[in-house]
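Colleague: Contents of protein_9.csv (CSV, C-alpha atoms) are given next:
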chain,number,residue,atom,x,y,z
A,1,MET,CA,94.5,118.5,98.7
A,2,THR,CA,93.3,120.5,95.8
A,3,SER,CA,95.9,119.7,93.2
A,4,PRO,CA,94.8,116.4,91.6
A,5,ILE,CA,97.1,113.4,91.5
A,6,PHE,CA,96.8,111.2,88.4
A,7,ALA,CA,97.5,107.5,89.2
A,8,THR,CA,98.1,104.5,87.0
A,9,PHE,CA,97.8,101.2,88.7
A,10,ALA,CA,99.8,98.8,86.6
A,11,PHE,CA,99.2,95.1,87.0
A,12,GLN,CA,102.2,93.2,85.7
A,13,SER,CA,104.1,90.0,85.8
A,14,GLN,CA,107.5,91.7,86.5
A,15,PRO,CA,108.1,92.5,90.2
A,16,GLY,CA,106.7,95.8,91.4
A,17,ARG,CA,106.3,97.5,94.7
A,18,PHE,CA,103.4,95.3,95.6
A,19,ARG,CA,102.7,91.6,95.3
A,20,VAL,CA,99.1,90.4,94.6
A,21,VAL,CA,98.2,88.1,97.5
A,22,ALA,CA,94.5,87.5,96.5
A,23,GLN,CA,92.0,88.8,94.0
A,24,ARG,CA,88.3,88.2,94.1
A,25,ALA,CA,85.2,89.7,92.5
A,26,ILE,CA,82.8,90.8,95.2
A,27,CYS,CA,80.2,91.7,92.5
A,28,GLY,CA,80.4,91.3,88.7
A,29,GLU,CA,83.4,90.3,86.7
A,30,PRO,CA,86.8,89.7,88.3
A,31,LEU,CA,90.0,91.4,87.0
A,32,ARG,CA,92.6,89.4,85.0
A,33,ALA,CA,95.1,87.6,87.2
A,34,ALA,CA,98.5,89.3,87.8
A,35,GLU,CA,101.4,88.8,90.1
A,36,TYR,CA,102.5,92.3,90.9
A,37,LEU,CA,101.2,95.8,91.0
A,38,GLU,CA,103.1,99.0,90.4
A,39,VAL,CA,101.7,102.4,91.2
A,40,HIS,CA,102.7,105.4,89.1
A,41,GLU,CA,101.6,108.8,90.4
A,42,ARG,CA,101.9,112.0,88.4
A,43,HIS,CA,100.6,115.6,88.5
A,44,HIS,CA,99.4,115.4,84.9
A,45,LEU,CA,97.4,112.7,83.2
A,46,ALA,CA,99.5,112.8,80.0
A,47,HIS,CA,102.5,111.7,82.2
A,48,SER,CA,100.6,109.0,84.0
A,49,ILE,CA,101.6,106.3,81.5
A,50,PRO,CA,104.0,103.7,83.0
A,51,PRO,CA,107.6,103.9,81.7
A,52,ALA,CA,108.3,101.9,78.6
A,53,ALA,CA,110.6,99.6,80.6
A,54,THR,CA,107.6,97.9,82.1
A,55,THR,CA,104.9,96.2,80.1
A,56,PRO,CA,101.8,96.1,82.3
A,57,LEU,CA,99.2,93.4,81.6
A,58,TYR,CA,96.6,96.1,82.1
A,59,THR,CA,96.2,99.3,84.0
A,60,LEU,CA,93.6,101.2,86.0
A,61,ARG,CA,93.8,104.9,86.1
A,62,GLY,CA,92.3,107.4,88.5
A,63,THR,CA,92.4,111.0,89.7
A,64,THR,CA,92.2,112.3,93.2
A,65,GLY,CA,90.4,115.6,93.7
A,66,HIS,CA,87.9,117.7,95.6
A,67,VAL,CA,85.4,116.2,97.9
A,68,ARG,CA,82.1,115.2,96.3
A,69,TYR,CA,79.8,114.8,99.3
A,70,VAL,CA,81.7,115.9,102.4
A,71,THR,CA,80.3,119.0,104.2
A,72,ARG,CA,82.3,121.7,105.9
A,73,ALA,CA,81.5,120.2,109.4
A,74,GLU,CA,82.7,116.8,108.3
A,75,GLN,CA,85.7,118.2,106.6
A,76,GLU,CA,86.8,119.7,110.0
A,77,VAL,CA,86.5,116.3,111.7
A,78,LEU,CA,88.4,114.7,108.8
A,79,ALA,CA,91.2,117.3,109.0
A,80,LYS,CA,91.8,116.3,112.6
A,81,ALA,CA,92.4,112.7,111.7
A,82,PRO,CA,93.9,112.7,108.1
A,83,PRO,CA,94.7,109.3,106.7
A,84,VAL,CA,98.5,108.8,106.5
A,85,LEU,CA,99.8,106.8,103.6
A,86,GLY,CA,103.2,105.2,103.5
A,87,ARG,CA,103.5,104.3,107.2
A,88,PRO,CA,106.4,101.8,107.6
A,89,GLU,CA,104.2,99.4,109.5
A,90,ALA,CA,101.4,99.4,106.9
A,91,THR,CA,102.8,96.6,104.8
A,92,ARG,CA,99.4,95.5,103.6
A,93,ALA,CA,97.4,97.3,101.0
A,94,SER,CA,94.2,96.7,99.1
A,95,LEU,CA,93.0,98.1,95.8
A,96,ILE,CA,89.2,98.1,95.4
A,97,PRO,CA,87.8,99.3,92.1
A,98,ILE,CA,84.0,99.9,92.0
A,99,ARG,CA,81.4,100.7,89.4
A,100,LYS,CA,78.0,102.0,90.4
A,101,THR,CA,74.8,101.6,88.4
A,102,ASP,CA,73.2,104.0,86.0
A,103,ALA,CA,70.5,104.4,88.5
A,104,TRP,CA,73.0,105.9,91.0
A,105,TRP,CA,74.4,108.3,88.4
A,106,GLY,CA,70.9,109.4,87.4
A,107,LEU,CA,70.1,110.6,90.9
A,108,ALA,CA,70.4,114.2,91.8
A,109,GLN,CA,73.2,115.4,94.1
A,110,ASP,CA,71.0,115.7,97.2
A,111,GLN,CA,69.6,112.2,96.7
A,112,ARG,CA,73.1,110.7,96.4
A,113,ARG,CA,74.2,112.6,99.5
A,114,GLN,CA,71.1,111.3,101.4
A,115,ILE,CA,71.9,107.7,100.5
A,116,LEU,CA,75.7,108.0,100.9
A,117,GLU,CA,75.8,109.7,104.3
A,118,GLU,CA,72.4,110.3,106.0
A,119,ARG,CA,71.3,106.7,105.4
A,120,SER,CA,74.5,104.7,104.8
A,121,ARG,CA,77.0,106.6,107.0
A,122,HIS,CA,79.8,106.1,104.5
A,123,ILE,CA,81.9,109.0,105.8
A,124,THR,CA,81.2,108.3,109.4
A,125,ILE,CA,82.0,104.6,109.1
A,126,GLY,CA,85.3,105.4,107.5
A,127,LEU,CA,86.2,107.8,110.3
A,128,GLY,CA,85.8,105.0,112.8
A,129,TYR,CA,88.8,103.1,111.3
A,130,VAL,CA,91.2,106.0,111.2
A,131,PRO,CA,94.2,106.0,111.7
A,132,ALA,CA,94.6,102.2,111.5
A,133,ILE,CA,93.1,102.0,107.9
A,134,ALA,CA,94.5,104.8,105.7
A,135,ARG,CA,92.7,105.2,102.4
A,136,ARG,CA,92.7,107.4,99.3
A,137,LEU,CA,90.0,107.7,96.7
A,138,TYR,CA,90.6,108.0,93.0
A,139,HIS,CA,87.9,108.9,90.5
A,140,CYS,CA,87.9,107.3,87.1
A,141,ARG,CA,84.4,107.6,85.6
A,142,GLU,CA,85.4,110.8,83.8
A,143,LEU,CA,88.4,109.0,82.3
A,144,GLY,CA,86.2,106.4,80.6
A,145,GLU,CA,87.6,103.5,82.7
A,146,ALA,CA,85.7,100.3,83.3
A,147,PHE,CA,85.2,101.4,86.9
A,148,ASP,CA,83.9,104.7,88.5
A,149,PHE,CA,86.3,104.7,91.5
A,150,VAL,CA,89.4,103.0,92.8
A,151,THR,CA,90.0,103.1,96.5
A,152,TRP,CA,93.5,102.4,97.9
A,153,PHE,CA,93.8,101.1,101.4
A,154,GLU,CA,97.0,100.7,103.6
A,155,TYR,CA,97.1,98.9,107.0
A,156,ALA,CA,99.4,96.9,109.2
A,157,PRO,CA,99.0,93.1,109.2
A,158,ALA,CA,97.6,93.3,112.8
A,159,ASP,CA,94.8,95.6,111.6
A,160,ALA,CA,93.6,93.2,108.8
A,161,PRO,CA,90.5,92.2,110.9
A,162,GLN,CA,89.6,95.9,111.3
A,163,PHE,CA,90.0,96.3,107.6
A,164,ALA,CA,87.6,93.4,107.0
A,165,ALA,CA,85.1,94.9,109.4
A,166,LEU,CA,85.2,98.2,107.6
A,167,LEU,CA,84.5,96.6,104.3
A,168,ALA,CA,81.7,94.5,105.8
A,169,ALA,CA,80.1,97.6,107.3
A,170,LEU,CA,80.2,99.5,104.0
A,171,ARG,CA,79.0,96.5,101.9
A,172,ALA,CA,75.9,96.2,104.2
A,173,THR,CA,74.7,99.7,103.5
A,174,GLU,CA,71.9,101.0,101.2
A,175,GLU,CA,74.6,102.7,99.1
A,176,TRP,CA,76.1,99.4,98.2
A,177,GLN,CA,72.8,98.4,96.5
A,178,TYR,CA,74.0,100.7,93.7
A,179,VAL,CA,77.3,98.9,93.3
A,180,GLU,CA,77.2,96.7,90.2
A,181,ARG,CA,80.9,95.7,90.0
A,182,GLU,CA,83.5,95.5,92.8
A,183,VAL,CA,86.8,93.7,92.9
A,184,GLN,CA,89.1,93.3,95.9
A,185,VAL,CA,92.8,93.0,95.3
A,186,ASP,CA,94.8,92.3,98.4
A,187,LEU,CA,98.5,93.3,98.3
A,188,GLN,CA,101.7,92.8,100.2
A,189,ARG,CA,104.4,95.4,100.0
A,190,VAL,CA,107.5,93.8,98.5
B,191,MET,CA,72.0,111.4,80.6
B,192,THR,CA,74.1,109.0,82.6
B,193,SER,CA,76.4,107.5,80.0
B,194,PRO,CA,79.2,110.0,79.7
B,195,ILE,CA,80.2,111.6,76.4
B,196,PHE,CA,83.9,112.2,75.8
B,197,ALA,CA,84.5,115.3,73.6
B,198,THR,CA,87.6,116.6,72.0
B,199,PHE,CA,87.3,120.2,70.8
B,200,ALA,CA,90.0,120.5,68.1
B,201,PHE,CA,91.1,124.0,67.1
B,202,GLN,CA,92.5,123.8,63.6
B,203,SER,CA,93.5,125.8,60.5
B,204,GLN,CA,91.7,123.3,58.2
B,205,PRO,CA,87.9,124.0,57.8
B,206,GLY,CA,85.8,122.3,60.4
B,207,ARG,CA,82.1,122.4,61.4
B,208,PHE,CA,82.5,125.8,63.1
B,209,ARG,CA,84.4,129.0,62.2
B,210,VAL,CA,86.0,131.0,65.0
B,211,VAL,CA,84.4,134.5,64.8
B,212,ALA,CA,86.0,135.9,67.9
B,213,GLN,CA,88.2,134.8,70.8
B,214,ARG,CA,88.9,136.8,73.9
B,215,ALA,CA,90.2,136.1,77.4
B,216,ILE,CA,87.7,137.2,80.0
B,217,CYS,CA,90.1,136.4,82.8
B,218,GLY,CA,93.7,135.1,82.6
B,219,GLU,CA,95.5,133.9,79.5
B,220,PRO,CA,93.8,133.7,76.1
B,221,LEU,CA,93.9,130.6,73.9
B,222,ARG,CA,96.1,130.5,70.8
B,223,ALA,CA,94.5,131.8,67.7
B,224,ALA,CA,92.7,129.3,65.3
B,225,GLU,CA,90.4,129.7,62.4
B,226,TYR,CA,88.2,126.6,62.8
B,227,LEU,CA,86.8,124.3,65.4
B,228,GLU,CA,85.9,120.6,65.0
B,229,VAL,CA,84.0,118.7,67.7
B,230,HIS,CA,84.6,115.0,68.1
B,231,GLU,CA,82.3,113.1,70.4
B,232,ARG,CA,82.8,109.5,71.5
B,233,HIS,CA,81.6,107.2,74.1
B,234,HIS,CA,85.1,106.3,75.3
B,235,LEU,CA,88.0,108.6,76.1
B,236,ALA,CA,90.5,106.4,74.3
B,237,HIS,CA,88.5,107.0,71.1
B,238,SER,CA,88.2,110.8,71.6
B,239,ILE,CA,91.4,111.6,69.7
B,240,PRO,CA,90.7,113.4,66.4
B,241,PRO,CA,91.2,111.3,63.3
B,242,ALA,CA,94.7,111.4,61.9
B,243,ALA,CA,93.5,113.2,58.8
B,244,THR,CA,93.3,116.4,60.7
B,245,THR,CA,96.1,118.0,62.6
B,246,PRO,CA,94.6,120.2,65.2
B,247,LEU,CA,96.7,123.2,66.5
B,248,TYR,CA,95.5,122.2,70.0
B,249,THR,CA,92.6,120.5,71.7
B,250,LEU,CA,90.5,120.8,74.7
B,251,ARG,CA,88.9,117.6,76.1
B,252,GLY,CA,85.9,117.1,78.4
B,253,THR,CA,83.5,114.6,79.7
B,254,THR,CA,79.7,115.0,80.3
B,255,GLY,CA,78.3,113.3,83.3
B,256,HIS,CA,76.1,113.3,86.4
B,257,VAL,CA,74.9,116.5,88.0
B,258,ARG,CA,77.3,117.9,90.7
B,259,TYR,CA,75.0,120.4,92.5
B,260,VAL,CA,71.5,120.0,91.1
B,261,THR,CA,68.9,118.8,93.6
B,262,ARG,CA,66.0,116.5,92.8
B,263,ALA,CA,63.5,119.4,92.8
B,264,GLU,CA,65.7,121.3,90.4
B,265,GLN,CA,66.2,118.2,88.2
B,266,GLU,CA,62.4,118.0,87.8
B,267,VAL,CA,62.2,121.6,86.6
B,268,LEU,CA,65.2,121.1,84.3
B,269,ALA,CA,63.6,117.9,82.8
B,270,LYS,CA,60.6,119.9,81.7
B,271,ALA,CA,62.8,122.3,79.7
B,272,PRO,CA,65.8,120.2,78.5
B,273,PRO,CA,68.3,122.1,76.4
B,274,VAL,CA,68.1,121.0,72.7
B,275,LEU,CA,71.4,121.0,70.9
B,276,GLY,CA,71.6,120.8,67.1
B,277,ARG,CA,68.5,123.0,66.3
B,278,PRO,CA,68.7,124.2,62.7
B,279,GLU,CA,68.2,127.8,63.6
B,280,ALA,CA,70.9,127.8,66.2
B,281,THR,CA,73.8,128.7,63.9
B,282,ARG,CA,75.8,130.5,66.5
B,283,ALA,CA,77.8,128.6,69.2
B,284,SER,CA,80.2,129.6,71.9
B,285,LEU,CA,82.8,127.6,73.7
B,286,ILE,CA,83.7,128.9,77.1
B,287,PRO,CA,86.5,127.0,79.0
B,288,ILE,CA,86.8,128.0,82.7
B,289,ARG,CA,89.3,127.3,85.5
B,290,LYS,CA,88.4,127.9,89.1
B,291,THR,CA,90.8,128.7,91.9
B,292,ASP,CA,92.3,126.3,94.4
B,293,ALA,CA,90.2,128.1,97.0
B,294,TRP,CA,87.1,126.9,95.3
B,295,TRP,CA,88.2,123.3,95.1
B,296,GLY,CA,89.3,123.3,98.7
B,297,LEU,CA,85.7,124.1,99.8
B,298,ALA,CA,83.4,121.4,101.0
B,299,GLN,CA,80.5,120.3,98.9
B,300,ASP,CA,77.9,122.2,100.9
B,301,GLN,CA,79.9,125.4,100.8
B,302,ARG,CA,80.3,125.1,97.0
B,303,ARG,CA,76.5,124.5,96.6
B,304,GLN,CA,75.8,127.5,98.9
B,305,ILE,CA,77.8,129.8,96.7
B,306,LEU,CA,76.8,128.3,93.3
B,307,GLU,CA,73.0,128.2,93.8
B,308,GLU,CA,71.8,129.7,97.1
B,309,ARG,CA,73.9,132.8,96.7
B,310,SER,CA,74.7,133.0,93.0
B,311,ARG,CA,71.6,131.4,91.5
B,312,HIS,CA,73.7,129.7,88.8
B,313,ILE,CA,71.1,127.0,88.0
B,314,THR,CA,68.1,129.4,88.2
B,315,ILE,CA,69.8,132.0,86.0
B,316,GLY,CA,70.5,129.3,83.3
B,317,LEU,CA,66.8,128.2,83.4
B,318,GLY,CA,65.7,131.7,82.5
B,319,TYR,CA,67.3,131.4,79.1
B,320,VAL,CA,66.0,128.0,78.1
B,321,PRO,CA,65.1,127.2,75.3
B,322,ALA,CA,66.7,130.0,73.4
B,323,ILE,CA,70.2,129.3,74.8
B,324,ALA,CA,71.0,125.6,74.8
B,325,ARG,CA,74.1,124.5,76.7
B,326,ARG,CA,76.1,121.4,77.7
B,327,LEU,CA,78.7,121.2,80.4
B,328,TYR,CA,81.9,119.1,80.0
B,329,HIS,CA,84.2,118.4,82.9
B,330,CYS,CA,87.9,118.4,82.4
B,331,ARG,CA,89.6,118.9,85.7
B,332,GLU,CA,89.9,115.1,86.2
B,333,LEU,CA,91.5,114.8,82.8
B,334,GLY,CA,94.4,117.1,83.8
B,335,GLU,CA,93.4,119.7,81.2
B,336,ALA,CA,94.4,123.4,81.6
B,337,PHE,CA,90.7,124.1,82.4
B,338,ASP,CA,88.2,122.6,84.9
B,339,PHE,CA,85.2,122.9,82.6
B,340,VAL,CA,84.1,123.6,79.0
B,341,THR,CA,80.6,124.9,78.4
B,342,TRP,CA,79.2,124.7,74.9
B,343,PHE,CA,76.4,127.0,74.0
B,344,GLU,CA,74.1,127.1,70.9
B,345,TYR,CA,71.7,129.9,69.9
B,346,ALA,CA,70.1,131.6,67.0
B,347,PRO,CA,71.6,134.9,65.8
B,348,ALA,CA,68.5,136.8,67.0
B,349,ASP,CA,69.2,135.4,70.5
B,350,ALA,CA,72.7,136.7,70.7
B,351,PRO,CA,71.7,139.6,73.0
B,352,GLN,CA,70.0,137.1,75.4
B,353,PHE,CA,73.2,135.0,75.3
B,354,ALA,CA,75.2,138.2,76.3
B,355,ALA,CA,72.8,138.9,79.1
B,356,LEU,CA,73.1,135.3,80.4
B,357,LEU,CA,76.9,135.6,80.5
B,358,ALA,CA,76.8,139.0,82.2
B,359,ALA,CA,74.4,137.7,84.9
B,360,LEU,CA,76.7,134.7,85.6
B,361,ARG,CA,79.9,136.8,85.6
B,362,ALA,CA,78.4,139.2,88.2
B,363,THR,CA,77.8,136.5,90.7
B,364,GLU,CA,79.8,135.6,93.9
B,365,GLU,CA,80.6,132.2,92.2
B,366,TRP,CA,82.6,134.0,89.5
B,367,GLN,CA,85.0,135.4,92.1
B,368,TYR,CA,86.4,131.9,92.1
B,369,VAL,CA,87.1,131.9,88.3
B,370,GLU,CA,90.8,132.5,87.6
B,371,ARG,CA,90.7,131.8,83.9
B,372,GLU,CA,87.9,132.2,81.4
B,373,VAL,CA,88.1,132.4,77.6
B,374,GLN,CA,85.1,133.0,75.3
B,375,VAL,CA,85.3,131.6,71.8
B,376,ASP,CA,82.4,132.7,69.6
B,377,LEU,CA,81.6,130.4,66.6
B,378,GLN,CA,79.6,130.3,63.5
B,379,ARG,CA,78.3,127.1,62.1
B,380,VAL,CA,79.9,126.6,58.6
Here is a file; write its structure as structure tokens.

Modeller:
Amino acid sequence: MTSPIFATFAFQSQPGRFRVVAQRAICGEPLRAAEYLEVHERHHLAHSIPPAATTPLYTLRGTTGHVRYVTRAEQEVLAKAPPVLGRPEATRASLIPIRKTDAWWGLAQDQRRQILEERSRHITIGLGYVPAIARRLYHCRELGEAFDFVTWFEYAPADAPQFAALLAALRATEEWQYVEREVQVDLQRV
Amino acid sequence: MTSPIFATFAFQSQPGRFRVVAQRAICGEPLRAAEYLEVHERHHLAHSIPPAATTPLYTLRGTTGHVRYVTRAEQEVLAKAPPVLGRPEATRASLIPIRKTDAWWGLAQDQRRQILEERSRHITIGLGYVPAIARRLYHCRELGEAFDFVTWFEYAPADAPQFAALLAALRATEEWQYVEREVQVDLQRV
């Protein structure tokens, strides 16, 4: 949990592990079109560059890490229902990069926590969709990327309606008023 | 405040803006010896690499950003006494990279806040030394650097004892039990 993973999401025209099924801008600019996505995960950022054999059209990078808002009590609940990535039946995936406004980043820690959980129930909403919808959060604001976060979701085709419901619930929250760019890339495991 | 600054601290043998006066490991491994330090600040990480004209012996990189623990009430106090970098009389500087333990990063947000401020008074202690000791925090855990943070301090020679007192106060706290590597590099503006 505590050792960060450095991921590079490489959008490319050559076949990769995932095929892009749909891409749409929920808010702000879309991403450039691409047919495939490859995910490179490393334990050091310097090694996170895709191998020279592939020539990605563009990449998004992110780092996993420690929890930013979760309390000890919530952590104990989360530990009982950890998201499991790589389940054989979870052949659908979605990559959702998000950028929040300067107003969000100018708020103090307790103000952001108030909006994120006490008023928007972000953590609680996500828990309601475990284990069907597995997700992993990557931070990229500190890397100078165009987005602040990338969230990776995995689910079985039969759980696609649940996934849509999760996104609708989150996008209806007060927290989402601070989202200024959001793109949804739906993927199919090849 | 909210637009991150990407800094590269370049240790080099060629003259730079700062001369290394002393370097010592407070905890864990020291850094390699170097005579000078140059600081490169950019608004994008990709541009944070030192110009080709210099050949640094090694670099440390970090990103400024939003507050991680400060509450709204504390933010209002801090706003009344903002640290001022670049004061003409502040010819002394210190660069202190720190790495915290896995145990620290495994704690939930509320547990880390409890240790950092409610029990260790990290924010309050720092406030007691403003404006004499100006500081800026850079995050580097997400960049995969060998350290989690780099703190940059600036002060006048006459305030060196105050600076030493600030460090002693912080190092005596419960929070510092989670520090597994700390190096202090004292600098003189050239």

Colleague: Would you mind listing what lies within 10 Å of Leu78 (chain A) as a PyMOL selection string, with all atoms listed in the file counted and same-chain residues fewer than 5 positions away left out?

Modeller: chain A and resi 70+72-73+83+123-124+126-127+130

Colleague: Show me, as a PyMOL selection string, the residues that have an atom within 9 Å of Ile26 (chain A) when counting all atoms listed in the file, minus same-chain residues fewer than 5 positions from it.

Modeller: chain A and resi 181-184

Colleague: Pick out the closest residue to Gly252 (chain B) from this set: B:Ala348, B:Val340, B:Ala215, B:Leu285. Count all atoms listed in the file.

Modeller: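 Ranked by minimum distance to Gly252 (chain B), first place goes to B:Val340.
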
Colleague: As a ChimeraX atom specification, could you give me every residue of chain A near chain B (at most 8 Å apart, counting all atoms listed in the file)?

Modeller: /A:1-4,6,43-46,63-72,75,102,105-111,139,142-144

Colleague: Counting only C-alpha atoms, figure out which residue out of A:Glu118, A:Glu35, A:Asp186, A:Glu41 gets nearest to Glu174 (chain A).

Modeller: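 Result for the nearest residue to Glu174 (chain A): A:Glu118.
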
Colleague: Enter the distance from CA of Thr91 (chain A) to CA of Thr151 (chain A), in Å, rounded to one decimal.

Modeller: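 Between these atoms lies a distance of 16.6 Å.
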
Colleague: CA of Gln23 (chain A) and CA of Tyr178 (chain A) are how many Å apart?

Modeller: 21.6 Å

Colleague: Given all atoms listed in the file as the basis, pick out the residue of A:Pro157, A:Gly28, A:Arg121, A:Ser94 nearest to Val179 (chain A).

Modeller: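 Between A:Pro157, A:Gly28, A:Arg121, A:Ser94, the residue approaching Val179 (chain A) most closely is A:Gly28.
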
Colleague: Using CA of Arg309 (chain B) and CA of Val375 (chain B) as the two end points, give the distance in Å to one decimal.

Modeller: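 Answer for the CA of Arg309 (chain B) to CA of Val375 (chain B) separation: 27.4 Å.
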
Colleague: Pick the closest to Ala324 (chain B) from B:Leu377, B:Ala362, B:Ala280, B:Ala269: which is it, counting all atoms listed in the file?

Modeller: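 That would be B:Ala280, the residue with the smallest distance to Ala324 (chain B).
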
Colleague: Around all of region 250-253 of chain B's listed atoms, make the axis-aligned box with 8 Å on each side and tell me centre and edge lengths in Å to one decimal, as JSON.

Modeller:
{"center_x": 87.0, "center_y": 117.7, "center_z": 77.2, "size_x": 23.0, "size_y": 22.2, "size_z": 21.0}

Colleague: With all atoms listed in the file as the basis for distance, which of B:Arg251, B:Arg326, B:Pro321, B:Ala283 is at the shortest distance from Lys270 (chain B)?

Modeller: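 Closest to Lys270 (chain B) of all the choices is B:Pro321.
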
Colleague: Which residues are close to Glu365 (chain B), i.e. within 7 Å by only C-alpha atoms, leaving aside same-chain residues fewer than 2 positions away? Reply as a VMD selection string.

Modeller: chain B and resid 305 to 306 310 363 367 to 368

Colleague: Set the distance at 12 Å and use all atoms listed in the file: which residues neighbour Pro88 (chain A) once local chain neighbours fewer than 5 positions away are removed? I'd like the list as an mmCIF file with C-alpha atoms, keeping the file's coordinate frame.

Modeller:
data_model
loop_
_atom_site.group_PDB
_atom_site.id
_atom_site.type_symbol
_atom_site.label_atom_id
_atom_site.label_comp_id
_atom_site.auth_asym_id
_atom_site.auth_seq_id
_atom_site.Cartn_x
_atom_site.Cartn_y
_atom_site.Cartn_z
ATOM 1 C CA GLU A 154 97.000 100.700 103.600
ATOM 2 C CA TYR A 155 97.100 98.900 107.000
ATOM 3 C CA ALA A 156 99.400 96.900 109.200
ATOM 4 C CA PRO A 157 99.000 93.100 109.200
ATOM 5 C CA ARG A 189 104.400 95.400 100.000
#
